[in-house]
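What follows is target-v2.txt (compact mmCIF, C-alpha atoms).
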```
# COMPACT_ATOMS: atom_id res chain seq x y z
CA MET P 1 99.73 84.00 116.50
CA ARG P 2 101.22 85.49 113.36
CA SER P 3 102.59 88.99 113.62
CA SER P 4 101.60 91.79 111.31
CA ASN P 5 105.18 93.01 111.34
CA PRO P 6 106.20 92.81 107.64
CA VAL P 7 109.63 91.50 108.56
CA PHE P 8 108.31 88.50 110.46
CA SER P 9 105.09 87.80 108.56
CA ARG P 10 106.76 86.32 105.49
CA GLN P 11 105.74 82.77 104.68
CA GLY P 12 108.30 80.44 106.19
CA ALA P 13 109.65 82.95 108.69
CA PHE P 14 110.02 81.55 112.20
CA THR P 15 108.36 78.26 111.20
CA ARG P 16 109.42 74.65 110.98
CA ASP P 17 108.20 73.95 107.45
CA THR P 18 111.67 73.82 105.92
CA GLY P 19 112.63 70.34 107.02
CA TYR P 20 114.68 71.37 110.06
CA ALA P 21 114.71 69.29 113.21
CA GLY P 22 112.75 66.48 111.63
CA PHE P 23 109.78 68.62 110.65
CA GLY P 24 109.73 67.90 106.94
CA PRO P 25 106.76 68.45 104.63
CA SER P 26 103.79 66.21 105.29
CA GLN P 27 102.69 63.62 102.77
CA SER P 28 99.85 64.56 100.47
CA ALA P 29 96.52 62.84 100.66
CA GLY P 30 96.52 59.47 99.03
CA ALA P 31 100.28 59.08 99.23
CA GLN P 32 101.49 55.58 99.94
CA THR P 33 102.26 54.99 103.60
CA PRO P 34 105.82 53.71 104.02
CA HIS P 35 106.37 50.23 105.39
CA THR P 36 106.97 50.40 109.14
CA GLY P 37 108.64 47.04 109.61
CA TYR P 38 112.37 46.38 109.63
CA PRO P 39 114.02 45.91 106.22
CA HIS P 40 115.44 42.49 105.45
CA ASP P 41 119.01 43.81 105.84
CA GLN P 42 118.43 45.63 109.14
CA GLN P 43 118.04 43.90 112.50
CA PRO P 44 116.17 45.33 115.53
CA LEU P 45 118.31 47.12 118.13
CA SER P 46 119.59 44.98 120.94
CA ALA P 47 118.69 45.63 124.59
CA GLU P 48 122.20 47.02 125.21
CA GLN P 49 121.93 49.44 122.26
CA LEU P 50 118.51 50.62 123.41
CA GLN P 51 119.84 51.21 126.94
CA GLN P 52 122.78 53.26 125.62
CA MET P 53 120.45 55.32 123.42
CA TYR P 54 118.04 56.21 126.19
CA GLN P 55 120.84 57.02 128.62
CA ALA P 56 122.40 59.53 126.21
CA PRO P 57 121.75 63.24 126.93
CA PRO P 58 118.92 64.81 124.94
CA ALA P 59 119.80 66.79 121.84
CA GLY P 60 119.93 70.53 122.44
CA PRO P 61 118.98 73.34 120.04
CA LEU P 62 122.50 73.45 118.58
CA ASP P 63 122.31 69.73 117.79
CA THR P 64 118.95 70.03 116.02
CA GLY P 65 119.64 73.28 114.13
CA ARG P 66 116.97 75.27 115.96
CA MET P 67 117.15 78.95 116.82
CA THR P 68 118.06 79.90 120.38
CA MET P 69 117.98 83.23 122.20
CA ASP P 70 121.79 83.21 122.17
CA ASP P 71 121.66 82.98 118.36
CA VAL P 72 119.42 86.06 118.21
CA VAL P 73 121.66 88.02 120.59
CA ALA P 74 124.81 87.11 118.65
CA ARG P 75 123.36 87.96 115.21
CA THR P 76 121.83 91.18 116.49
CA ALA P 77 125.16 92.21 118.00
CA MET P 78 126.92 91.55 114.67
CA THR P 79 124.29 93.54 112.79
CA LEU P 80 124.43 96.51 115.15
CA LEU P 81 128.23 96.50 115.14
CA THR P 82 128.13 96.66 111.34
CA LEU P 83 125.70 99.56 111.56
CA VAL P 84 127.96 101.37 114.03
CA ALA P 85 130.98 100.76 111.77
CA GLY P 86 129.11 102.25 108.80
CA GLY P 87 128.11 105.21 110.95
CA ALA P 88 131.71 105.77 112.06
CA VAL P 89 132.93 105.73 108.45
CA ALA P 90 130.33 108.34 107.49
CA TRP P 91 131.06 110.44 110.57
CA PHE P 92 134.75 110.76 109.76
CA ALA P 93 134.72 110.55 105.95
CA VAL P 94 131.54 112.31 104.82
CA PRO P 95 131.46 116.13 105.00
CA ALA P 96 128.83 117.76 107.19
CA ASP P 97 126.90 118.90 104.12
CA GLY P 98 127.12 115.53 102.36
CA TYR P 99 123.36 115.09 102.11
CA GLY P 100 123.67 113.42 98.71
CA ILE P 101 125.65 110.55 100.21
CA ALA P 102 123.14 110.24 103.04
CA VAL P 103 120.18 110.10 100.65
CA GLY P 104 121.94 107.58 98.40
CA ALA P 105 122.76 105.31 101.33
CA ALA P 106 119.18 105.59 102.63
CA LEU P 107 117.69 104.64 99.24
CA ALA P 108 120.09 101.71 98.87
CA ALA P 109 119.28 100.52 102.39
CA PHE P 110 115.57 100.79 101.60
CA VAL P 111 115.93 98.59 98.52
CA VAL P 112 118.02 95.99 100.36
CA GLY P 113 115.52 96.02 103.23
CA LEU P 114 112.68 95.30 100.82
CA VAL P 115 114.62 92.39 99.31
CA ILE P 116 115.23 90.94 102.78
CA SER P 117 111.58 91.35 103.78
CA PHE P 118 110.18 89.63 100.71
CA ARG P 119 112.68 86.78 100.46
CA ARG P 120 111.45 83.46 101.79
CA SER P 121 114.91 82.57 103.17
CA VAL P 122 117.02 85.10 104.99
CA ASN P 123 120.49 85.95 103.67
CA PRO P 124 123.05 87.02 106.33
CA ALA P 125 125.11 88.97 103.76
CA LEU P 126 122.07 91.05 102.82
CA VAL P 127 121.28 91.76 106.48
CA LEU P 128 124.83 92.99 107.11
CA THR P 129 124.77 95.01 103.87
CA TYR P 130 121.57 96.68 105.00
CA ALA P 131 123.12 97.47 108.38
CA GLY P 132 126.22 98.98 106.78
CA LEU P 133 124.21 101.19 104.41
CA GLU P 134 121.87 102.28 107.17
CA GLY P 135 124.89 103.09 109.30
CA VAL P 136 126.30 105.37 106.58
CA PHE P 137 122.95 107.17 106.35
CA LEU P 138 122.59 107.60 110.12
CA GLY P 139 126.22 108.66 110.50
CA ALA P 140 125.92 111.35 107.81
CA ILE P 141 122.63 112.70 109.17
CA SER P 142 123.89 112.67 112.75
CA LYS P 143 127.05 114.54 111.79
CA ALA P 144 125.06 117.20 109.94
CA LEU P 145 122.75 117.76 112.91
CA ASN P 146 125.60 117.64 115.39
CA THR P 147 127.22 120.55 113.56
CA TYR P 148 124.34 122.80 114.63
CA LEU P 149 123.29 121.01 117.83
CA SER P 150 126.39 119.71 119.56
CA GLY P 151 125.87 116.40 121.35
CA ILE P 152 122.56 115.54 119.70
CA ALA P 153 123.90 112.24 118.32
CA ILE P 154 124.91 110.85 121.71
CA GLN P 155 121.63 112.08 123.19
CA ALA P 156 119.69 110.19 120.51
CA VAL P 157 121.78 107.04 121.08
CA LEU P 158 121.14 107.15 124.83
CA GLY P 159 117.44 107.81 124.26
CA THR P 160 117.16 104.87 121.85
CA ALA P 161 118.96 102.58 124.31
CA ALA P 162 116.59 103.70 127.08
CA VAL P 163 113.51 102.92 124.96
CA PHE P 164 114.90 99.49 124.05
CA ALA P 165 115.74 98.64 127.66
CA GLY P 166 112.38 99.88 128.91
CA MET P 167 110.42 97.88 126.36
CA LEU P 168 112.46 94.75 127.00
CA ILE P 169 111.87 95.00 130.76
CA ALA P 170 108.16 95.73 130.26
CA TYR P 171 107.76 92.78 127.89
CA ARG P 172 109.72 90.30 129.98
CA SER P 173 107.83 91.30 133.13
CA GLY P 174 104.48 90.76 131.40
CA ARG P 175 103.40 94.40 131.63
CA ILE P 176 103.07 94.42 127.84
CA ARG P 177 101.26 91.52 126.22
CA VAL P 178 101.13 91.22 122.46
CA THR P 179 97.53 90.23 121.76
CA ALA P 180 95.54 90.41 118.54
CA ARG P 181 93.73 93.54 119.78
CA TYR P 182 97.04 95.14 120.77
CA GLN P 183 98.39 94.54 117.28
CA ARG P 184 95.29 95.86 115.52
CA ILE P 185 95.30 99.10 117.48
CA GLY P 186 99.05 99.62 117.11
CA LEU P 187 99.05 98.97 113.37
CA ALA P 188 96.07 101.26 112.84
CA VAL P 189 97.93 104.07 114.61
CA ALA P 190 101.08 103.29 112.58
CA ALA P 191 99.12 103.45 109.30
CA GLY P 192 97.65 106.81 110.29
CA PHE P 193 101.08 108.10 111.29
CA LEU P 194 102.64 107.12 107.98
CA LEU P 195 99.74 108.67 106.06
CA LEU P 196 100.25 111.90 108.00
CA LEU P 197 103.95 111.93 107.10
CA VAL P 198 103.15 111.40 103.41
CA VAL P 199 100.63 114.25 103.44
CA ASN P 200 103.18 116.47 105.18
CA LEU P 201 105.81 115.58 102.56
CA VAL P 202 103.45 116.40 99.69
CA ALA P 203 102.51 119.68 101.37
CA ALA P 204 106.18 120.57 101.82
CA LEU P 205 106.81 120.01 98.10
CA PHE P 206 104.24 122.73 97.39
CA GLY P 207 105.70 125.09 99.96
CA ALA P 208 103.12 124.47 102.69
CA ASP P 209 104.04 123.89 106.34
CA MET P 210 101.78 121.73 108.49
CA GLY P 211 103.86 122.40 111.62
CA LEU P 212 104.88 118.78 112.13
CA ARG P 213 108.57 119.59 112.41
CA SER P 214 108.46 122.29 115.06
CA GLY P 215 106.46 123.61 117.98
CA PRO P 216 104.04 121.70 120.23
CA LEU P 217 102.57 119.69 117.34
CA GLY P 218 106.03 118.61 116.29
CA ILE P 219 106.75 117.40 119.84
CA VAL P 220 103.53 115.38 119.89
CA VAL P 221 104.31 113.82 116.53
CA GLY P 222 107.86 113.03 117.68
CA LEU P 223 106.63 111.32 120.84
CA LEU P 224 104.09 109.36 118.80
CA GLY P 225 106.82 108.23 116.41
CA ILE P 226 108.98 106.99 119.29
CA GLY P 227 105.97 105.23 120.78
CA LEU P 228 105.35 103.44 117.49
CA GLY P 229 108.98 102.36 117.40
CA ALA P 230 108.54 100.89 120.87
CA PHE P 231 105.40 99.12 119.62
CA PHE P 232 107.38 97.57 116.76
CA LEU P 233 109.97 96.39 119.29
CA SER P 234 107.27 94.59 121.26
CA LEU P 235 106.19 92.78 118.07
CA ASP P 236 109.82 91.81 117.49
CA PHE P 237 110.19 90.44 121.02
CA HIS P 238 106.98 88.45 120.67
CA GLU P 239 107.92 86.88 117.36
CA ILE P 240 111.42 86.02 118.59
CA GLU P 241 109.97 84.36 121.67
CA GLN P 242 107.46 82.42 119.57
CA GLY P 243 110.19 81.40 117.13
CA VAL P 244 112.47 80.05 119.85
CA ARG P 245 109.59 78.24 121.53
CA GLY P 246 108.34 76.79 118.24
CA GLY P 247 111.72 75.49 117.11
CA ALA P 248 112.38 77.89 114.22
CA PRO P 249 115.44 77.14 112.04
CA GLN P 250 118.67 78.62 113.34
CA ARG P 251 119.12 80.87 110.30
CA GLU P 252 115.96 82.76 111.29
CA ALA P 253 118.05 84.47 113.98
CA TRP P 254 119.27 86.74 111.17
CA ARG P 255 115.69 87.72 110.37
CA ALA P 256 115.18 88.55 114.04
CA ALA P 257 118.35 90.68 114.01
CA PHE P 258 117.10 92.53 110.93
CA GLY P 259 113.71 93.22 112.51
CA LEU P 260 115.25 94.55 115.72
CA THR P 261 117.68 96.75 113.77
CA LEU P 262 114.83 98.14 111.69
CA SER P 263 112.88 99.11 114.80
CA LEU P 264 115.93 100.65 116.47
CA VAL P 265 116.72 102.74 113.38
CA TRP P 266 113.13 104.04 113.39
CA ILE P 267 113.40 105.00 117.08
CA TYR P 268 116.79 106.68 116.59
CA LEU P 269 115.54 108.84 113.72
CA GLU P 270 112.45 109.89 115.64
CA MET P 271 114.62 110.59 118.68
CA LEU P 272 116.87 112.83 116.60
CA ARG P 273 113.88 114.78 115.33
CA LEU P 274 112.33 115.17 118.76
CA ILE P 275 115.56 116.32 120.38
CA ALA P 276 116.13 118.83 117.58
CA ILE P 277 112.65 120.30 118.18
CA LEU P 278 113.13 120.42 121.96
CA ARG P 279 116.44 122.19 121.50
CA GLY P 280 114.87 124.85 119.32
CA ASP P 281 115.88 123.68 115.85
CA ASP P 282 114.20 121.40 113.31
```
What would you get if you wrote out this structure as structure tokens?
Amino acid sequence: MRSSNPVFSRQGAFTRDTGYAGFGPSQSAGAQTPHTGYPHDQQPLSAEQLQQMYQAPPAGPLDTGRMTMDDVVARTAMTLLTLVAGGAVAWFAVPADGYGIAVGAALAAFVVGLVISFRRSVNPALVLTYAGLEGVFLGAISKALNTYLSGIAIQAVLGTAAVFAGMLIAYRSGRIRVTARYQRIGLAVAAGFLLLLVVNLVAALFGADMGLRSGPLGIVVGLLGIGLGAFFLSLDFHEIEQGVRGGAPQREAWRAAFGLTLSLVWIYLEMLRLIAILRGDD
């Protein structure tokens, strides 16, 4: 099943059509079938050679260049550490009112994220660049909010970690199953949510307030945003599991790390907004 997640739905992502592990491109119709006999200068293997070959241990994922769960964990850890480093730099170096730096980092991260999403092959340097830029943005925004609401940053971090752990446990235990119907419903809700945010942004430009950033409606919208982030995480888990099971190339672990980071950033931002509303400030 192909995911509708834009990060993982690129052609070639989490597939074996790149020649890895012996899965090269198939021959076109009408192509000449290669001769299956032994060449004149090559002799059949002896009985001793055959015995040694079959007694050898089977090749593991590292030997065949396929992605493993350890690869995903390692690349995700590197990506998140880069994000945290960028956030720390912004926290200590950017002034509390440095919104221009935050907006610039966010726009740059958005552009790099688009490049990663639409590239056929994943580039580790771009993934780490995205994480660093996103870290600067999150660090600057968190510092600005923390000036007025002390401790909100650590609260948002703990909340994001709780959502991630809860979704991972629910997915691994089979309580959440990523089916075609599940994806259709989730993506329809996500499309409606994004449309609502765009309408709210346009209304704000003309001085109107739809009440999405405060009060009971703001709390509902915040909870919905966090729920959608959890939904995106479930799509990530599903695609990673399918990629490992299907023998995806090892480099696709970087695409998995990017997808997970993208979902976690979404959850963190929505968590910040929800906590700010609950604490009486938007």
* Asked: Quick one, how far is CA of Phe110 in chain P from CA of Glu134 in chain P?
  ->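 Interatomic distance here is 8.5 Å.
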* From the list P:Val221, P:Val198, P:Val127, P:Met67, which residue is nearest Glu241 in chain P when using all atoms listed in the file? -> P:Met67
* Non-local contacts of Ala144 in chain P (8 Å; only C-alpha atoms; under 4 positions in same chain excluded) as a PyMOL selection string -> chain P and resi 96-97+140+148
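Atom pair CA of Gly65 in chain P / CA of Gln250 in chain P: separated by 5.5 Å.
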* Of the candidates P:Val220, P:Ala276, P:Val265, P:Ala203, which one gets nearest to Leu145 in chain P if we count all atoms listed in the file? ->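 Nearest to Leu145 in chain P: P:Ala276.
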* Could you please determine the separation between CA of Val103 in chain P and CA of Val136 in chain P in Å, to one decimal place? => 9.7 Å
* Would you please work out which residue, of P:Leu278, P:Ala131, P:Leu217, P:Val122, is nearest to Ala106 in chain P when using only C-alpha atoms? =>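 So, comparing all the options, the nearest one is P:Ala131.
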* Residue nearest His238 in chain P among P:Leu260, P:Ala188, P:Ala204, P:Ala74 (counting only C-alpha atoms) ->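 Counting only C-alpha atoms, the residue closest to His238 in chain P is P:Leu260.
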* To do: Find the residue from P:Gly166, P:Gly186, P:Gly100, P:Gly243 that sits nearest to Phe231 in chain P; use all atoms listed in the file when measuring.
  => P:Gly186
Compile a residue-level contact table for range 164-204 of chain P against range 156-160 of chain P at a cut-off of 12 Å, reporting for every qualifying residue the shortest atom pair and its distance in Å to one decimal, with only C-alpha atoms counted, rows ordered by chain and ascending number, as JSON lines.
```
{"residue": "P:Phe164", "atom": "CA", "partner": "P:Thr160", "partner_atom": "CA", "distance": 6.2}
{"residue": "P:Ala165", "atom": "CA", "partner": "P:Thr160", "partner_atom": "CA", "distance": 8.6}
{"residue": "P:Gly166", "atom": "CA", "partner": "P:Thr160", "partner_atom": "CA", "distance": 9.9}
{"residue": "P:Met167", "atom": "CA", "partner": "P:Thr160", "partner_atom": "CA", "distance": 10.7}
```
* Nearest to Ser234 in chain P among P:Ala102, P:Leu187, P:Leu168, P:Leu195, with distances taken over only C-alpha atoms: which residue is it? ->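 Of P:Ala102, P:Leu187, P:Leu168, P:Leu195, the one nearest Ser234 in chain P is P:Leu168, counting only C-alpha atoms.
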